[in-house]
Amino acid sequence: MVEHQLYSALLKAAQSDWTVLLTIVIAFDIATGYAKSYVWKVTDSAVGVKGLLKHLTTLLVYVFAYGLAIDFDMTTLGVTLVIYSLLNYALSIVENLGVMGVITPKFLQAKIQAEIERYENKLDKGGDR
């Protein structure tokens with residue numbers, strides 16, 4: 001009985017609008033990350049696979065945590081977790097765009113400049129290894 005209830009909660013979490021939105025935002029972050037590495041010509045398949053695994057793990061942990069929150073009738077906590085994740089991914093997307101030259105908010109300029117310097121150092125060393 002308990003297993004069935006947890007399974008139902010996990011299924012509900014996986015099918016929620018919040019999970020769909022998080023999945024879309026993660027996909028957009030992945031796309032901007034790949035675009036950033038392509039623009040800077042520092043693509044590395046090992047880094048790409050590591051990033052994909054990180055994003056997949058984040059999504060799975062979120063679904064599991066949200067499912068537990070639903071199971072324990074704490075849905076607000078689950079929604080809070082996804083909003084936090086959405087904000088982090090939104091920040092990452094804006095940073096990726098900023099590194100590619102898109103105008104970004106001033107409060108992100110120092111972080112973006114540090115990322116640009118990191119890519120310039122990779123290029124000066126002849127690659128990203």
# chains A, B, ... in the order shown; residues from 1 in each chain; ligands from 1

$ select_by_dssp --residues "chain A" --states "alpha helix (DSSP H)" --output "ChimeraX atom specification"
/A:2-14,17-39,45-71,75-99,109-124

$ residues_around --residues "A:Val79" --least-positions-apart "2" --cutoff "10 Å" --atoms "only C-alpha atoms" --output "PyMOL selection string"
chain A and resi 18-19+62+66+69-70+74-77+81-85

$ write_last_selection --atoms "all heavy atoms" --output "compact mmCIF listing (two decimals), in the first residue's frame"
# COMPACT_ATOMS: atom_id res chain seq x y z
N TRP A 18 5.04 21.77 -13.32
CA TRP A 18 6.32 22.26 -12.81
C TRP A 18 7.47 21.44 -13.37
O TRP A 18 8.51 21.98 -13.74
CB TRP A 18 6.35 22.24 -11.29
CG TRP A 18 5.51 23.29 -10.66
CD1 TRP A 18 4.34 23.11 -9.98
CD2 TRP A 18 5.74 24.71 -10.66
NE1 TRP A 18 3.84 24.31 -9.56
CE2 TRP A 18 4.68 25.31 -9.95
CE3 TRP A 18 6.74 25.52 -11.18
CZ2 TRP A 18 4.60 26.68 -9.76
CZ3 TRP A 18 6.66 26.89 -10.99
CH2 TRP A 18 5.59 27.46 -10.29
N THR A 19 7.29 20.13 -13.44
CA THR A 19 8.35 19.26 -13.97
C THR A 19 8.53 19.51 -15.46
O THR A 19 9.67 19.54 -15.95
CB THR A 19 8.01 17.78 -13.70
OG1 THR A 19 7.84 17.61 -12.29
CG2 THR A 19 9.13 16.88 -14.18
N TYR A 62 14.86 16.21 -8.36
CA TYR A 62 13.69 17.06 -8.19
C TYR A 62 12.40 16.23 -8.21
O TYR A 62 11.54 16.40 -7.35
CB TYR A 62 13.62 18.15 -9.27
CG TYR A 62 12.23 18.70 -9.37
CD1 TYR A 62 11.74 19.54 -8.38
CD2 TYR A 62 11.38 18.31 -10.38
CE1 TYR A 62 10.43 19.99 -8.42
CE2 TYR A 62 10.08 18.76 -10.43
CZ TYR A 62 9.60 19.60 -9.44
OH TYR A 62 8.31 20.03 -9.48
N TYR A 66 9.99 16.08 -5.13
CA TYR A 66 8.63 16.58 -5.30
C TYR A 66 7.62 15.47 -5.03
O TYR A 66 6.58 15.69 -4.41
CB TYR A 66 8.46 17.17 -6.70
CG TYR A 66 7.18 17.94 -6.92
CD1 TYR A 66 6.63 18.73 -5.91
CD2 TYR A 66 6.52 17.90 -8.14
CE1 TYR A 66 5.45 19.44 -6.12
CE2 TYR A 66 5.36 18.61 -8.35
CZ TYR A 66 4.83 19.39 -7.34
OH TYR A 66 3.68 20.09 -7.55
N ALA A 69 7.36 15.11 -1.40
CA ALA A 69 6.59 16.24 -0.86
C ALA A 69 5.10 16.02 -1.09
O ALA A 69 4.28 16.29 -0.20
CB ALA A 69 7.05 17.55 -1.51
N ILE A 70 4.72 15.52 -2.25
CA ILE A 70 3.31 15.23 -2.52
C ILE A 70 2.81 14.13 -1.59
O ILE A 70 1.74 14.22 -1.01
CB ILE A 70 3.12 14.83 -4.00
CG1 ILE A 70 3.34 16.03 -4.92
CG2 ILE A 70 1.73 14.23 -4.23
CD1 ILE A 70 3.41 15.67 -6.40
N MET A 74 3.07 17.94 1.38
CA MET A 74 3.87 19.15 1.52
C MET A 74 4.20 19.70 0.12
O MET A 74 5.34 20.01 -0.20
CB MET A 74 5.16 18.84 2.29
CG MET A 74 4.92 18.36 3.70
SD MET A 74 6.41 17.77 4.53
CE MET A 74 7.47 19.18 4.47
N THR A 75 3.19 19.81 -0.71
CA THR A 75 3.37 20.20 -2.10
C THR A 75 4.05 21.57 -2.22
O THR A 75 4.85 21.78 -3.13
CB THR A 75 2.02 20.22 -2.83
OG1 THR A 75 1.40 18.94 -2.64
CG2 THR A 75 2.17 20.46 -4.30
N THR A 76 3.78 22.46 -1.30
CA THR A 76 4.39 23.79 -1.35
C THR A 76 5.91 23.69 -1.28
O THR A 76 6.61 24.44 -1.97
CB THR A 76 3.87 24.67 -0.19
OG1 THR A 76 2.45 24.72 -0.28
CG2 THR A 76 4.42 26.07 -0.27
N LEU A 77 6.42 22.78 -0.49
CA LEU A 77 7.87 22.57 -0.42
C LEU A 77 8.40 22.12 -1.77
O LEU A 77 9.44 22.60 -2.23
CB LEU A 77 8.21 21.54 0.67
CG LEU A 77 9.69 21.19 0.81
CD1 LEU A 77 10.50 22.42 1.21
CD2 LEU A 77 9.86 20.08 1.83
N LEU A 81 11.09 24.11 -4.20
CA LEU A 81 12.32 23.51 -4.75
C LEU A 81 12.44 23.74 -6.26
O LEU A 81 13.50 24.08 -6.76
CB LEU A 81 12.36 22.01 -4.46
CG LEU A 81 12.59 21.60 -3.01
CD1 LEU A 81 12.41 20.09 -2.85
CD2 LEU A 81 13.96 22.02 -2.54
N VAL A 82 11.34 23.57 -6.97
CA VAL A 82 11.42 23.76 -8.41
C VAL A 82 11.60 25.22 -8.77
O VAL A 82 12.33 25.55 -9.71
CB VAL A 82 10.22 23.15 -9.17
CG1 VAL A 82 8.97 23.97 -9.02
CG2 VAL A 82 10.55 22.98 -10.64
N ILE A 83 11.00 26.12 -8.03
CA ILE A 83 11.21 27.55 -8.30
C ILE A 83 12.66 27.92 -8.08
O ILE A 83 13.27 28.66 -8.87
CB ILE A 83 10.25 28.41 -7.45
CG1 ILE A 83 8.82 28.23 -7.97
CG2 ILE A 83 10.66 29.88 -7.48
CD1 ILE A 83 7.75 28.87 -7.10
N TYR A 84 13.26 27.39 -7.02
CA TYR A 84 14.69 27.62 -6.76
C TYR A 84 15.52 27.10 -7.94
O TYR A 84 16.43 27.78 -8.42
CB TYR A 84 15.09 26.93 -5.45
CG TYR A 84 16.56 27.02 -5.15
CD1 TYR A 84 17.12 28.20 -4.67
CD2 TYR A 84 17.39 25.93 -5.37
CE1 TYR A 84 18.47 28.29 -4.41
CE2 TYR A 84 18.74 26.01 -5.11
CZ TYR A 84 19.28 27.19 -4.63
OH TYR A 84 20.62 27.27 -4.37
N SER A 85 15.22 25.89 -8.40
CA SER A 85 15.95 25.31 -9.53
C SER A 85 15.74 26.14 -10.80
O SER A 85 16.69 26.38 -11.56
CB SER A 85 15.50 23.87 -9.78
OG SER A 85 15.87 23.05 -8.71

$ residues_around --residues "A:Leu87" --least-positions-apart "4" --cutoff "12 Å" --atoms "only C-alpha atoms" --output "MDAnalysis selection string"
chainID A and resid 21:22 25:26 29 80:83 91:94

$ closest_residue --among "A:His4, A:Gln109, A:Thr58, A:Val39" --to "A:Asn88" --atoms "only C-alpha atoms"
A:Thr58

$ closest_residue --among "A:Ala46, A:Leu53, A:Leu68, A:Ile112" --to "A:Tyr7" --atoms "only C-alpha atoms"
A:Leu68

$ residues_around --residues "A:Val99" --least-positions-apart "5" --cutoff "9 Å" --atoms "only C-alpha atoms" --output "list in words"
Lys36, Trp40, Val94, Ile112, Gln113, Glu115 and Ile116 of chain A

$ atom_distance --atom1 "atom CA of A:Ala27" --atom2 "atom CA of A:Asp44"
18.4 Å

$ closest_residue --among "A:Tyr34, A:Leu86, A:Ile103, A:Lys111" --to "A:Val47" --atoms "only C-alpha atoms"
A:Tyr34

$ closest_residue --among "A:Ala90, A:Gly51, A:Lys41, A:Thr32" --to "A:Tyr119" --atoms "only C-alpha atoms"
A:Lys41

$ atom_distance --atom1 "atom CA of A:Phe28" --atom2 "atom CA of A:Gly67"
23.9 Å

$ closest_residue --among "A:Tyr38, A:Lys50, A:Ser45, A:Asp71" --to "A:Ala13" --atoms "only C-alpha atoms"
A:Asp71

$ closest_residue --among "A:Val42, A:Ile30, A:Val63, A:Lys106" --to "A:Asp17" --atoms "only C-alpha atoms"
A:Val63
